[in-house]
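Source file: coords34.pdb. Holds: PDB, C-alpha atoms.
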```pdb
ATOM      1  CA  MET A   1     125.479 146.181 131.963  1.00  0.00           C
ATOM      2  CA  LEU A   2     123.020 147.457 129.374  1.00  0.00           C
ATOM      3  CA  LEU A   3     125.206 146.206 126.522  1.00  0.00           C
ATOM      4  CA  VAL A   4     125.412 142.647 127.848  1.00  0.00           C
ATOM      5  CA  LEU A   5     121.638 142.614 128.423  1.00  0.00           C
ATOM      6  CA  ARG A   6     121.116 143.790 124.829  1.00  0.00           C
ATOM      7  CA  ASP A   7     123.429 141.038 123.581  1.00  0.00           C
ATOM      8  CA  GLN A   8     121.566 138.492 125.684  1.00  0.00           C
ATOM      9  CA  ALA A   9     118.165 139.626 124.360  1.00  0.00           C
ATOM     10  CA  ARG A  10     119.491 139.536 120.780  1.00  0.00           C
ATOM     11  CA  GLY A  11     120.512 135.920 121.338  1.00  0.00           C
ATOM     12  CA  ASP A  12     124.203 136.685 120.806  1.00  0.00           C
ATOM     13  CA  ALA A  13     125.895 134.229 123.176  1.00  0.00           C
ATOM     14  CA  GLY A  14     129.335 135.040 121.745  1.00  0.00           C
ATOM     15  CA  ALA A  15     128.992 138.705 122.659  1.00  0.00           C
ATOM     16  CA  VAL A  16     127.679 137.848 126.128  1.00  0.00           C
ATOM     17  CA  LEU A  17     130.624 135.525 126.743  1.00  0.00           C
ATOM     18  CA  ALA A  18     133.025 138.195 125.469  1.00  0.00           C
ATOM     19  CA  ALA A  19     131.637 140.466 128.217  1.00  0.00           C
ATOM     20  CA  LEU A  20     132.078 137.641 130.768  1.00  0.00           C
ATOM     21  CA  PRO A  21     135.643 136.422 130.041  1.00  0.00           C
ATOM     22  CA  GLN A  22     136.007 134.530 133.307  1.00  0.00           C
ATOM     23  CA  CYS A  23     132.833 132.569 132.533  1.00  0.00           C
ATOM     24  CA  ALA A  24     133.922 132.027 128.930  1.00  0.00           C
ATOM     25  CA  ARG A  25     137.076 130.242 130.160  1.00  0.00           C
ATOM     26  CA  GLU A  26     135.033 127.705 132.159  1.00  0.00           C
ATOM     27  CA  PRO A  27     133.297 125.215 129.833  1.00  0.00           C
ATOM     28  CA  ALA A  28     130.328 124.561 132.143  1.00  0.00           C
ATOM     29  CA  CYS A  29     129.679 128.272 132.693  1.00  0.00           C
ATOM     30  CA  ALA A  30     130.032 128.995 128.980  1.00  0.00           C
ATOM     31  CA  GLN A  31     127.546 126.268 128.034  1.00  0.00           C
ATOM     32  CA  THR A  32     125.063 127.380 130.691  1.00  0.00           C
ATOM     33  CA  THR A  33     125.362 130.934 129.374  1.00  0.00           C
ATOM     34  CA  ARG A  34     124.756 129.809 125.781  1.00  0.00           C
ATOM     35  CA  ASP A  35     121.638 127.891 126.869  1.00  0.00           C
ATOM     36  CA  ARG A  36     120.365 130.839 128.920  1.00  0.00           C
ATOM     37  CA  VAL A  37     120.915 133.310 126.085  1.00  0.00           C
ATOM     38  CA  ALA A  38     118.908 131.079 123.737  1.00  0.00           C
ATOM     39  CA  ARG A  39     116.004 130.986 126.220  1.00  0.00           C
ATOM     40  CA  LEU A  40     116.055 134.738 126.946  1.00  0.00           C
ATOM     41  CA  ARG A  41     115.995 135.934 123.360  1.00  0.00           C
ATOM     42  CA  ARG A  42     113.614 138.892 123.095  1.00  0.00           C
ATOM     43  CA  SER A  43     112.884 141.528 120.478  1.00  0.00           C
ATOM     44  CA  GLY A  44     112.519 145.244 121.005  1.00  0.00           C
ATOM     45  CA  ARG A  45     114.314 147.974 122.885  1.00  0.00           C
ATOM     46  CA  ILE A  46     115.917 146.852 126.161  1.00  0.00           C
ATOM     47  CA  GLN A  47     115.147 148.833 129.299  1.00  0.00           C
ATOM     48  CA  ILE A  48     116.719 148.380 132.710  1.00  0.00           C
ATOM     49  CA  LEU A  49     113.827 148.716 135.127  1.00  0.00           C
ATOM     50  CA  ASN A  50     115.810 148.401 138.352  1.00  0.00           C
ATOM     51  CA  TYR A  51     119.374 147.670 139.390  1.00  0.00           C
ATOM     52  CA  GLU A  52     120.442 146.904 142.937  1.00  0.00           C
ATOM     53  CA  PRO A  53     124.251 146.904 142.989  1.00  0.00           C
ATOM     54  CA  SER A  54     126.215 144.453 145.077  1.00  0.00           C
ATOM     55  CA  VAL A  55     128.541 147.148 146.383  1.00  0.00           C
ATOM     56  CA  ARG A  56     128.049 150.880 146.284  1.00  0.00           C
ATOM     57  CA  ILE A  57     131.438 152.100 147.461  1.00  0.00           C
ATOM     58  CA  THR A  58     134.691 150.225 147.955  1.00  0.00           C
ATOM     59  CA  LEU A  59     138.279 151.345 148.272  1.00  0.00           C
ATOM     60  CA  THR A  60     139.742 148.018 147.192  1.00  0.00           C
ATOM     61  CA  ARG A  61     138.533 144.904 145.330  1.00  0.00           C
ATOM     62  CA  ARG A  62     135.155 143.413 146.261  1.00  0.00           C
ATOM     63  CA  ILE A  63     133.095 140.745 144.589  1.00  0.00           C
ATOM     64  CA  GLY A  64     129.370 140.656 145.121  1.00  0.00           C
ATOM     65  CA  THR A  65     126.023 139.862 143.567  1.00  0.00           C
ATOM     66  CA  GLY A  66     123.643 142.541 142.375  1.00  0.00           C
ATOM     67  CA  ARG A  67     120.119 142.230 141.001  1.00  0.00           C
ATOM     68  CA  VAL A  68     118.843 143.601 137.693  1.00  0.00           C
ATOM     69  CA  ALA A  69     115.304 143.753 136.340  1.00  0.00           C
ATOM     70  CA  TRP A  70     114.942 144.431 132.625  1.00  0.00           C
ATOM     71  CA  ARG A  71     112.500 144.005 129.796  1.00  0.00           C
ATOM     72  CA  ALA A  72     112.390 144.114 126.032  1.00  0.00           C
ATOM     73  CA  ALA A  73     109.835 146.469 124.470  1.00  0.00           C
ATOM     74  CA  GLN A  74     106.608 146.092 126.449  1.00  0.00           C
ATOM     75  CA  GLY A  75     107.322 142.480 127.458  1.00  0.00           C
ATOM     76  CA  LEU A  76     107.266 141.029 130.936  1.00  0.00           C
ATOM     77  CA  PRO A  77     110.232 141.867 133.172  1.00  0.00           C
ATOM     78  CA  VAL A  78     113.169 139.497 133.473  1.00  0.00           C
ATOM     79  CA  VAL A  79     115.004 139.532 136.811  1.00  0.00           C
ATOM     80  CA  GLN A  80     118.543 138.175 137.079  1.00  0.00           C
ATOM     81  CA  CYS A  81     121.374 138.137 139.574  1.00  0.00           C
ATOM     82  CA  VAL A  82     124.636 139.698 138.379  1.00  0.00           C
ATOM     83  CA  ARG A  83     127.993 138.712 139.858  1.00  0.00           C
ATOM     84  CA  VAL A  84     130.315 141.736 139.736  1.00  0.00           C
ATOM     85  CA  ARG A  85     133.910 142.490 140.688  1.00  0.00           C
ATOM     86  CA  ARG A  86     134.507 146.102 141.652  1.00  0.00           C
ATOM     87  CA  ASP A  87     137.937 147.576 142.126  1.00  0.00           C
ATOM     88  CA  GLY A  88     137.974 150.780 144.134  1.00  0.00           C
ATOM     89  CA  PRO A  89     140.388 153.654 143.594  1.00  0.00           C
ATOM     90  CA  LEU A  90     143.127 151.896 145.579  1.00  0.00           C
ATOM     91  CA  SER A  91     143.007 148.833 143.317  1.00  0.00           C
ATOM     92  CA  GLY A  92     142.366 150.228 139.833  1.00  0.00           C
ATOM     93  CA  GLY A  93     138.851 151.678 139.804  1.00  0.00           C
ATOM     94  CA  THR A  94     137.238 149.166 137.419  1.00  0.00           C
ATOM     95  CA  VAL A  95     134.065 147.087 137.263  1.00  0.00           C
ATOM     96  CA  ALA A  96     133.919 143.639 135.649  1.00  0.00           C
ATOM     97  CA  LEU A  97     130.850 141.482 135.093  1.00  0.00           C
ATOM     98  CA  LEU A  98     131.550 137.906 136.134  1.00  0.00           C
ATOM     99  CA  SER A  99     128.252 136.112 135.470  1.00  0.00           C
ATOM    100  CA  LEU A 100     124.507 136.412 134.953  1.00  0.00           C
ATOM    101  CA  SER A 101     122.064 134.012 136.589  1.00  0.00           C
ATOM    102  CA  ASP A 102     119.037 132.270 135.218  1.00  0.00           C
ATOM    103  CA  PRO A 103     115.926 134.401 135.682  1.00  0.00           C
ATOM    104  CA  ILE A 104     114.559 134.521 139.210  1.00  0.00           C
ATOM    105  CA  ARG A 105     111.092 135.402 140.486  1.00  0.00           C
ATOM    106  CA  ALA A 106     110.186 139.092 140.311  1.00  0.00           C
ATOM    107  CA  ASP A 107     110.316 139.275 144.109  1.00  0.00           C
ATOM    108  CA  GLY A 108     113.316 136.933 144.346  1.00  0.00           C
ATOM    109  CA  SER A 109     116.525 137.763 146.162  1.00  0.00           C
ATOM    110  CA  CYS A 110     120.110 137.414 145.012  1.00  0.00           C
ATOM    111  CA  ALA A 111     121.485 137.133 148.547  1.00  0.00           C
TER     112      ALA A 111
END
```

Before we go any further, please render this structure as structure tokens.
Amino acid sequence: MLLVLRDQARGDAGAVLAALPQCAREPACAQTTRDRVARLRRSGRIQILNYEPSVRITLTRRIGTGRVAWRAAQGLPVVQCVRVRRDGPLSGGTVALLSLSDPIRADGSCA
């Protein structure tokens, strides 16, 4: 997660899309991601302030939406929803990022 947020803050849409291959294959999602990355360009060290995962424990595959708050340097926080696919130990034990949302309000929900 931290790496894709760093790529996003650097303005590197190609790297963000490489981390979101499912989105990269869909032209509308890819274009939206490029536009978002351009708007969210920030300088400075990236810090994750809070992460609320979509799923904490699963034995098989689950897809859900988490919430991440981050900032660059001492800038204002950016809050985004993160669509994630988690595979538990019975289905491979991996995590894949599927998409990042536009920023939401600081008190906004990803439900």

How many Å lie between atom CA of A:Leu90 and atom CA of A:Arg61, rounded to one decimal? 8.4 Å

Under the PyMOL selection byres ((chain A and resi 73) around 6), which residues of this model are included? Write them out as a PyMOL selection string. chain A and resi 44-45+72+74-75

Expansion of the PyMOL selection byres ((chain A and resi 110) around 7) into residues, as a list of chain:residue names: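 Against this file, the PyMOL selection byres ((chain A and resi 110) around 7) returns the residues A:Thr65, A:Gly66, A:Arg67, A:Cys81, A:Gly108, A:Ser109, A:Ala111.
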
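If you apply the PyMOL selection byres ((chain A and resi 64) around 7) to this structure, you end up with Ser54, Val55, Arg62, Ile63, Thr65, Gly66, Arg83, Val84 and Arg85 of chain A.
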
Sorted by chain and rising residue number, list the residues of stretch 90-111 of chain A at most 9 Å from stretch 7-20 of chain A (counting all atoms listed in the file), each with its closest atom pair and distance in Å to one decimal, as a Markdown table.
```
| residue | atom | partner | partner_atom | distance |
| --- | --- | --- | --- | --- |
| A:Ala96 | CA | A:Leu20 | CA | 7.9 |
| A:Leu97 | CA | A:Leu20 | CA | 5.9 |
| A:Leu98 | CA | A:Leu20 | CA | 5.4 |
| A:Ser99 | CA | A:Leu20 | CA | 6.3 |
| A:Leu100 | CA | A:Leu20 | CA | 8.7 |
```

Restricting it to C-alpha atoms, dump the selection as an mmCIF file, in the frame of the given file.
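Wrote selection.cif, looks like this:
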```cif
data_model
loop_
_atom_site.group_PDB
_atom_site.id
_atom_site.type_symbol
_atom_site.label_atom_id
_atom_site.label_comp_id
_atom_site.auth_asym_id
_atom_site.auth_seq_id
_atom_site.Cartn_x
_atom_site.Cartn_y
_atom_site.Cartn_z
ATOM 1 C CA ALA A 96 133.919 143.639 135.649
ATOM 2 C CA LEU A 97 130.850 141.482 135.093
ATOM 3 C CA LEU A 98 131.550 137.906 136.134
ATOM 4 C CA SER A 99 128.252 136.112 135.470
ATOM 5 C CA LEU A 100 124.507 136.412 134.953
#
```

Distance atom CA of A:Val78-atom CA of A:Pro103, one decimal place?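 We find that atom CA of A:Val78 and atom CA of A:Pro103 lie 6.2 Å from each other.
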